[in-house]
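This is coords.txt (compact mmCIF, C-alpha atoms).
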# COMPACT_ATOMS: atom_id res chain seq x y z
CA MET A 1 178.58 212.18 189.56
CA LYS A 2 180.05 210.07 186.80
CA PRO A 3 178.48 208.80 183.59
CA TRP A 4 177.80 205.13 183.03
CA LYS A 5 179.94 203.17 180.57
CA THR A 6 178.32 201.11 177.83
CA LEU A 7 180.28 197.86 177.65
CA SER A 8 178.29 196.31 174.81
CA SER A 9 175.12 196.84 172.78
CA ARG A 10 172.90 194.57 170.75
CA THR A 11 169.82 195.38 168.68
CA GLU A 12 167.05 193.04 169.83
CA PHE A 13 164.50 193.89 167.15
CA THR A 14 163.64 196.57 164.65
CA THR A 15 160.36 197.96 163.31
CA PRO A 16 159.75 200.74 160.77
CA TRP A 17 159.20 203.17 163.70
CA PHE A 18 161.72 202.14 166.36
CA SER A 19 164.22 199.54 167.46
CA ILE A 20 164.98 198.06 170.86
CA ARG A 21 168.60 197.86 171.95
CA SER A 22 169.91 195.95 174.96
CA ASP A 23 173.06 197.33 176.55
CA THR A 24 175.42 195.98 179.14
CA CYS A 25 176.34 199.00 181.26
CA GLN A 26 178.63 199.73 184.15
CA ASP A 27 177.37 202.34 186.61
CA TRP A 28 179.43 204.86 188.57
CA LYS A 29 180.02 202.31 191.34
CA GLY A 30 181.38 199.70 188.93
CA ARG A 31 178.25 197.53 189.05
CA THR A 32 177.14 195.81 185.85
CA ILE A 33 173.57 196.45 184.73
CA GLU A 34 172.23 194.14 182.05
CA PRO A 35 170.18 194.11 180.10
CA TYR A 36 169.48 197.85 180.02
CA TYR A 37 166.89 198.40 177.29
CA VAL A 38 166.82 201.50 175.12
CA MET A 39 164.20 202.37 172.52
CA GLU A 40 165.89 203.99 169.55
CA THR A 41 163.61 206.19 167.50
CA LEU A 42 163.78 209.27 165.34
CA ASP A 43 163.25 212.76 166.74
CA TRP A 44 159.74 214.22 166.89
CA VAL A 45 158.42 217.71 166.30
CA HIS A 46 155.49 219.52 167.91
CA VAL A 47 153.95 222.65 166.44
CA VAL A 48 152.14 225.23 168.54
CA ALA A 49 150.28 226.87 165.65
CA VAL A 50 148.50 230.14 166.48
CA ASP A 51 146.36 232.32 164.25
CA GLY A 52 146.09 236.12 164.34
CA THR A 53 143.23 236.02 166.85
CA GLY A 54 145.10 234.03 169.52
CA LYS A 55 143.60 230.65 168.73
CA MET A 56 145.75 227.52 168.59
CA ILE A 57 145.33 224.43 166.43
CA VAL A 58 144.43 221.29 168.37
CA VAL A 59 144.17 217.94 166.62
CA ARG A 60 142.18 215.02 168.00
CA GLN A 61 143.02 211.45 167.16
CA TRP A 62 142.69 207.88 168.38
CA ARG A 63 145.72 206.54 170.27
CA PRO A 64 145.59 202.72 170.42
CA ALA A 65 148.15 202.31 173.23
CA SER A 66 146.02 204.36 175.64
CA GLY A 67 142.75 203.23 174.09
CA THR A 68 141.37 206.76 173.88
CA PHE A 69 140.93 209.82 171.75
CA VAL A 70 143.54 212.45 172.64
CA ASP A 71 143.79 216.18 171.95
CA GLU A 72 147.28 217.03 170.72
CA LEU A 73 149.46 219.45 168.84
CA PRO A 74 150.19 218.90 165.17
CA GLY A 75 153.49 217.11 164.75
CA GLY A 76 155.22 213.89 163.97
CA ILE A 77 158.42 212.02 163.27
CA ARG A 78 161.41 213.78 161.77
CA ASP A 79 162.70 211.90 158.73
CA LYS A 80 166.40 211.04 158.62
CA GLY A 81 168.36 213.99 157.26
CA GLU A 82 165.37 216.34 157.46
CA ALA A 83 165.86 219.66 159.27
CA PRO A 84 163.55 219.93 162.31
CA LEU A 85 161.91 223.12 160.98
CA ASP A 86 161.21 221.41 157.65
CA THR A 87 159.55 218.55 159.55
CA ALA A 88 157.43 221.04 161.50
CA LYS A 89 156.28 222.80 158.32
CA ARG A 90 155.54 219.46 156.60
CA GLU A 91 153.59 218.03 159.54
CA LEU A 92 151.53 221.20 160.06
CA LEU A 93 150.59 221.26 156.38
CA GLU A 94 149.85 217.52 156.14
CA GLU A 95 147.81 217.27 159.33
CA THR A 96 145.91 220.55 159.19
CA GLY A 97 146.34 222.23 155.80
CA ALA A 98 147.79 225.28 157.60
CA VAL A 99 150.91 227.25 156.74
CA SER A 100 152.87 230.06 158.36
CA ASP A 101 155.62 232.49 157.37
CA ASN A 102 156.49 233.18 161.02
CA TRP A 103 158.34 230.31 162.74
CA ILE A 104 160.31 230.30 165.99
CA GLN A 105 162.05 227.36 167.63
CA ALA A 106 160.67 227.25 171.17
CA GLY A 107 162.86 224.48 172.58
CA VAL A 108 164.22 220.95 172.43
CA THR A 109 163.45 218.36 175.11
CA TYR A 110 163.94 214.66 175.79
CA PRO A 111 160.64 212.78 176.15
CA ASP A 112 162.17 210.06 178.38
CA PRO A 113 165.99 210.07 178.52
CA ALA A 114 166.01 206.96 180.71
CA ARG A 115 164.53 204.74 177.98
CA LEU A 116 164.32 206.73 174.70
CA ASN A 117 167.22 208.17 172.71
CA ASN A 118 165.27 210.81 170.78
CA ARG A 119 164.39 214.47 171.24
CA VAL A 120 161.29 216.58 170.72
CA TRP A 121 161.72 219.81 168.79
CA THR A 122 159.03 222.41 169.56
CA PHE A 123 158.19 225.18 167.12
CA LEU A 124 155.85 228.14 167.39
CA ALA A 125 154.08 228.99 164.13
CA ARG A 126 152.42 232.40 164.28
CA ASP A 127 149.79 233.92 162.02
CA ILE A 128 148.83 230.56 160.57
CA ARG A 129 146.38 230.39 157.73
CA PHE A 130 144.54 227.44 156.22
CA GLU A 131 145.45 227.17 152.54
CA HIS A 132 145.22 223.45 151.76
CA LEU A 133 143.27 220.31 152.54
CA GLN A 134 144.70 217.78 154.95
CA ASN A 135 147.08 215.27 153.38
CA LEU A 136 147.13 212.58 156.04
CA ASP A 137 149.23 209.42 156.18
CA GLU A 138 147.17 206.31 155.50
CA ASN A 139 146.98 205.43 159.23
CA GLU A 140 145.98 208.94 160.37
CA ASP A 141 142.47 210.21 161.02
CA LEU A 142 142.59 213.67 162.63
CA ALA A 143 139.94 216.20 163.56
CA VAL A 144 141.26 219.78 163.55
CA ARG A 145 139.89 222.64 165.62
CA LEU A 146 140.97 226.00 166.98
CA GLU A 147 141.04 226.65 170.72
CA PRO A 148 141.83 229.94 172.46
CA LEU A 149 145.49 229.80 173.53
CA ASP A 150 144.50 230.75 177.08
CA ALA A 151 141.98 227.87 177.27
CA ILE A 152 144.62 225.14 177.02
CA PRO A 153 145.46 225.08 180.77
CA SER A 154 141.78 224.39 181.47
CA LEU A 155 141.82 221.54 178.95
CA ILE A 156 144.91 220.16 180.69
CA SER A 157 143.21 220.41 184.11
CA ALA A 158 140.09 218.76 182.72
CA GLY A 159 142.11 215.83 181.39
CA GLU A 160 141.30 216.61 177.77
CA PHE A 161 144.83 217.63 176.70
CA MET A 162 146.90 214.92 178.39
CA GLN A 163 149.98 214.15 176.30
CA ALA A 164 152.88 215.09 178.61
CA THR A 165 155.49 216.06 176.03
CA GLN A 166 152.94 218.19 174.22
CA ILE A 167 151.99 219.96 177.42
CA ALA A 168 155.68 220.80 177.83
CA SER A 169 155.76 222.07 174.25
CA TYR A 170 152.73 224.29 174.87
CA PHE A 171 154.44 225.91 177.88
CA LEU A 172 157.72 226.35 175.98
CA ALA A 173 155.87 228.16 173.20
CA ARG A 174 153.98 230.34 175.68
CA GLU A 175 157.30 231.45 177.20
CA VAL A 176 158.68 232.29 173.74
CA MET A 177 155.57 234.33 173.06
CA GLY A 178 156.24 236.34 176.20
CA LYS A 179 152.99 235.12 177.71
CA PRO A 180 153.96 232.90 180.61
CA VAL A 181 151.04 230.98 182.00
CA ALA A 182 150.28 231.79 185.64
CA ARG A 183 151.43 229.09 187.97
CA SER A 184 149.57 228.30 191.15
CA GLN A 185 151.33 228.95 194.47

The structure given in the file should be rewritten as structure tokens.
Amino acid sequence: MKPWKTLSSRTEFTTPWFSIRSDTCQDWKGRTIEPYYVMETLDWVHVVAVDGTGKMIVVRQWRPASGTFVDELPGGIRDKGEAPLDTAKRELLEETGAVSDNWIQAGVTYPDPARLNNRVWTFLARDIRFEHLQNLDENEDLAVRLEPLDAIPSLISAGEFMQATQIASYFLAREVMGKPVARSQ
């Protein structure tokens, strides 16, 4: 296997949240592929936030692209120059009012390395406690609830917790906790 070569790149358009780049690439066989579109965006963080009783924070919000309410993990976009852990702490506090003194990085993944250039940083926050009110961005409207950690696979199966990268983050955090979720044969 050989990597592709990028022969040229051009930014097609830019928004405050992402930009679209078109590349002219050469694959391992010498064929030219153009345009090859890449969405450039900042890294994201997900927080699997668990209290002392084994309950996890789930946030529910409207997602216009899918046209539905979705259950998710707290998280968001990492600002330029911001350490991933600082982003995780900021997003947990803003979206839920919760804090933790016990943080572990559970993993880093690519949400779609074929089309996106960013990564998702997953953090486990243990022994969370609610100390503040939500401080949401002007376009956010989140409902916060606690779910038993072991109930999340049932929510996934029921189609209530459907965001793929967040499902991956949940399983990464479970492994870090030493509580692998049983997998069917």

- Which value, in Å to one decimal, gives the distance between CA of Arg126 in chain A and CA of Gly81 in chain A?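 Computing the Euclidean distance for CA of Arg126 in chain A and CA of Gly81 in chain A yields 25.3 Å.
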
- Nearest to Glu82 in chain A: which of A:Asp127, A:Glu140, A:Asp43, A:Glu94 is it, counting all atoms listed in the file?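 Going through A:Asp127, A:Glu140, A:Asp43, A:Glu94 one by one, the smallest distance to Glu82 in chain A is for A:Asp43.
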
- Task: Take the point (170.0, 204.9, 178.1) in the file's coordinates, draw a sphere of radius 8 Å around it, and report as a ChimeraX atom specification every protein, DNA or RNA residue with an atom inside or on it, counting only C-alpha atoms.
- Result: /A:36-38,113-117

Could you take the residues named above and write them with C-alpha atoms, as a short mmCIF file (atom, residue, chain, number, x, y, z; two decimals), keeping the file's coordinate frame?
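Final file, again-v9.cif:
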data_model
loop_
_atom_site.label_atom_id
_atom_site.label_comp_id
_atom_site.auth_asym_id
_atom_site.auth_seq_id
_atom_site.Cartn_x
_atom_site.Cartn_y
_atom_site.Cartn_z
CA TYR A 36 169.48 197.85 180.02
CA TYR A 37 166.89 198.40 177.29
CA VAL A 38 166.82 201.50 175.12
CA PRO A 113 165.99 210.07 178.52
CA ALA A 114 166.01 206.96 180.71
CA ARG A 115 164.53 204.74 177.98
CA LEU A 116 164.32 206.73 174.70
CA ASN A 117 167.22 208.17 172.71
#

- Note on the structure: Of A:Val70, A:Leu7, A:Met177, A:Ile152, the one sitting nearest Asp27 in chain A when using all atoms listed in the file is A:Leu7

- Rank nothing, just name the residue among A:Val120, A:Val59, A:Ala98, A:Cys25 nearest to Thr41 in chain A, using all atoms listed in the file.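 Among the listed residues, the smallest separation from Thr41 in chain A belongs to A:Val120.
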
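If you look at CA of Gly54 in chain A and CA of Ala125 in chain A, they are 11.6 Å away from each other.
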
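The residues that lie within 12 Å of the point (180.6, 212.0, 185.9), counting all atoms listed in the file, are Met1, Lys2, Pro3, Trp4, Lys5, Asp27, Trp28 and Lys29 of chain A.
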
- Task: Using all atoms listed in the file, find the one residue out of A:Phe18, A:Phe123, A:Trp103, A:Tyr110 that sits nearest to Leu73 in chain A.
- Result: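 Closest residue, counting all atoms listed in the file: A:Phe123.
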
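The space between CA of Asn135 in chain A and CA of Arg119 in chain A spans 24.9 Å.
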
Select from range 5-121 of chain A every residue with an atom at most 10 Å from any atom of range 162-171 of chain A, then for each give the shortest pair of atoms and their distance in Å to one decimal, using only C-alpha atoms, rows by chain and rising number, as CSV.
residue,atom,partner,partner_atom,distance
A:Val45,CA,A:Ser169,CA,9.4
A:His46,CA,A:Ser169,CA,6.8
A:Val47,CA,A:Ser169,CA,8.0
A:Val48,CA,A:Tyr170,CA,6.4
A:Ala49,CA,A:Tyr170,CA,9.9
A:Met56,CA,A:Tyr170,CA,9.9
A:Val70,CA,A:Met162,CA,7.1
A:Asp71,CA,A:Met162,CA,7.3
A:Glu72,CA,A:Gln166,CA,6.8
A:Leu73,CA,A:Gln166,CA,6.5
A:Pro74,CA,A:Gln166,CA,9.5
A:Gly75,CA,A:Gln166,CA,9.5
A:Ala106,CA,A:Ser169,CA,7.8
A:Gly107,CA,A:Ser169,CA,7.7
A:Val108,CA,A:Ser169,CA,8.7
A:Thr109,CA,A:Thr165,CA,8.3
A:Tyr110,CA,A:Thr165,CA,8.6
A:Pro111,CA,A:Thr165,CA,6.1
A:Asp112,CA,A:Thr165,CA,9.3
A:Val120,CA,A:Thr165,CA,7.9
A:Trp121,CA,A:Ser169,CA,8.4

Box for range 67-77 of chain A: with edges along x, y and z, all listed atoms inside and 6 Å added on each side, what are the centre and edge lengths in Å to one decimal, as AutoDock Vina command-line options?
--center_x 149.7 --center_y 211.3 --center_z 168.7 --size_x 29.5 --size_y 28.2 --size_z 22.8

- Task: Can you work out which one of A:Arg10, A:Arg145, A:Arg63, A:Lys55 has the shortest atom-to-atom distance to Thr96 in chain A, counting all atoms listed in the file?
- Result: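 Closest to Thr96 in chain A of all the choices is A:Arg145.
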
- Shell of 10 Å around Val50 in chain A, all atoms listed in the file, local chain residues under 6 positions omitted, as a list in words: Met56, Ile57, Val58, Ser100, Leu124, Ala125, Arg126, Asp127, Ile128, Arg129, Leu146, Glu147, Pro148 and Leu149 of chain A

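With only C-alpha atoms as the atoms that count, the residue of A:Pro153, A:Thr87, A:Asp79, A:Asn139 with the shortest distance to Trp62 in chain A is A:Asn139.
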
Quick one: everything within 12 Å of Pro16 in chain A, counting all atoms listed in the file, minus sequence neighbours fewer than 2 positions away in the same chain. Send it as a compact mmCIF listing (two decimals) with C-alpha atoms, in the coordinates of the input.
# COMPACT_ATOMS: atom_id res chain seq x y z
CA PHE A 13 164.50 193.89 167.15
CA THR A 14 163.64 196.57 164.65
CA PHE A 18 161.72 202.14 166.36
CA SER A 19 164.22 199.54 167.46
CA ILE A 20 164.98 198.06 170.86
CA GLU A 40 165.89 203.99 169.55
CA THR A 41 163.61 206.19 167.50
CA LEU A 42 163.78 209.27 165.34
CA ILE A 77 158.42 212.02 163.27
CA ASP A 79 162.70 211.90 158.73
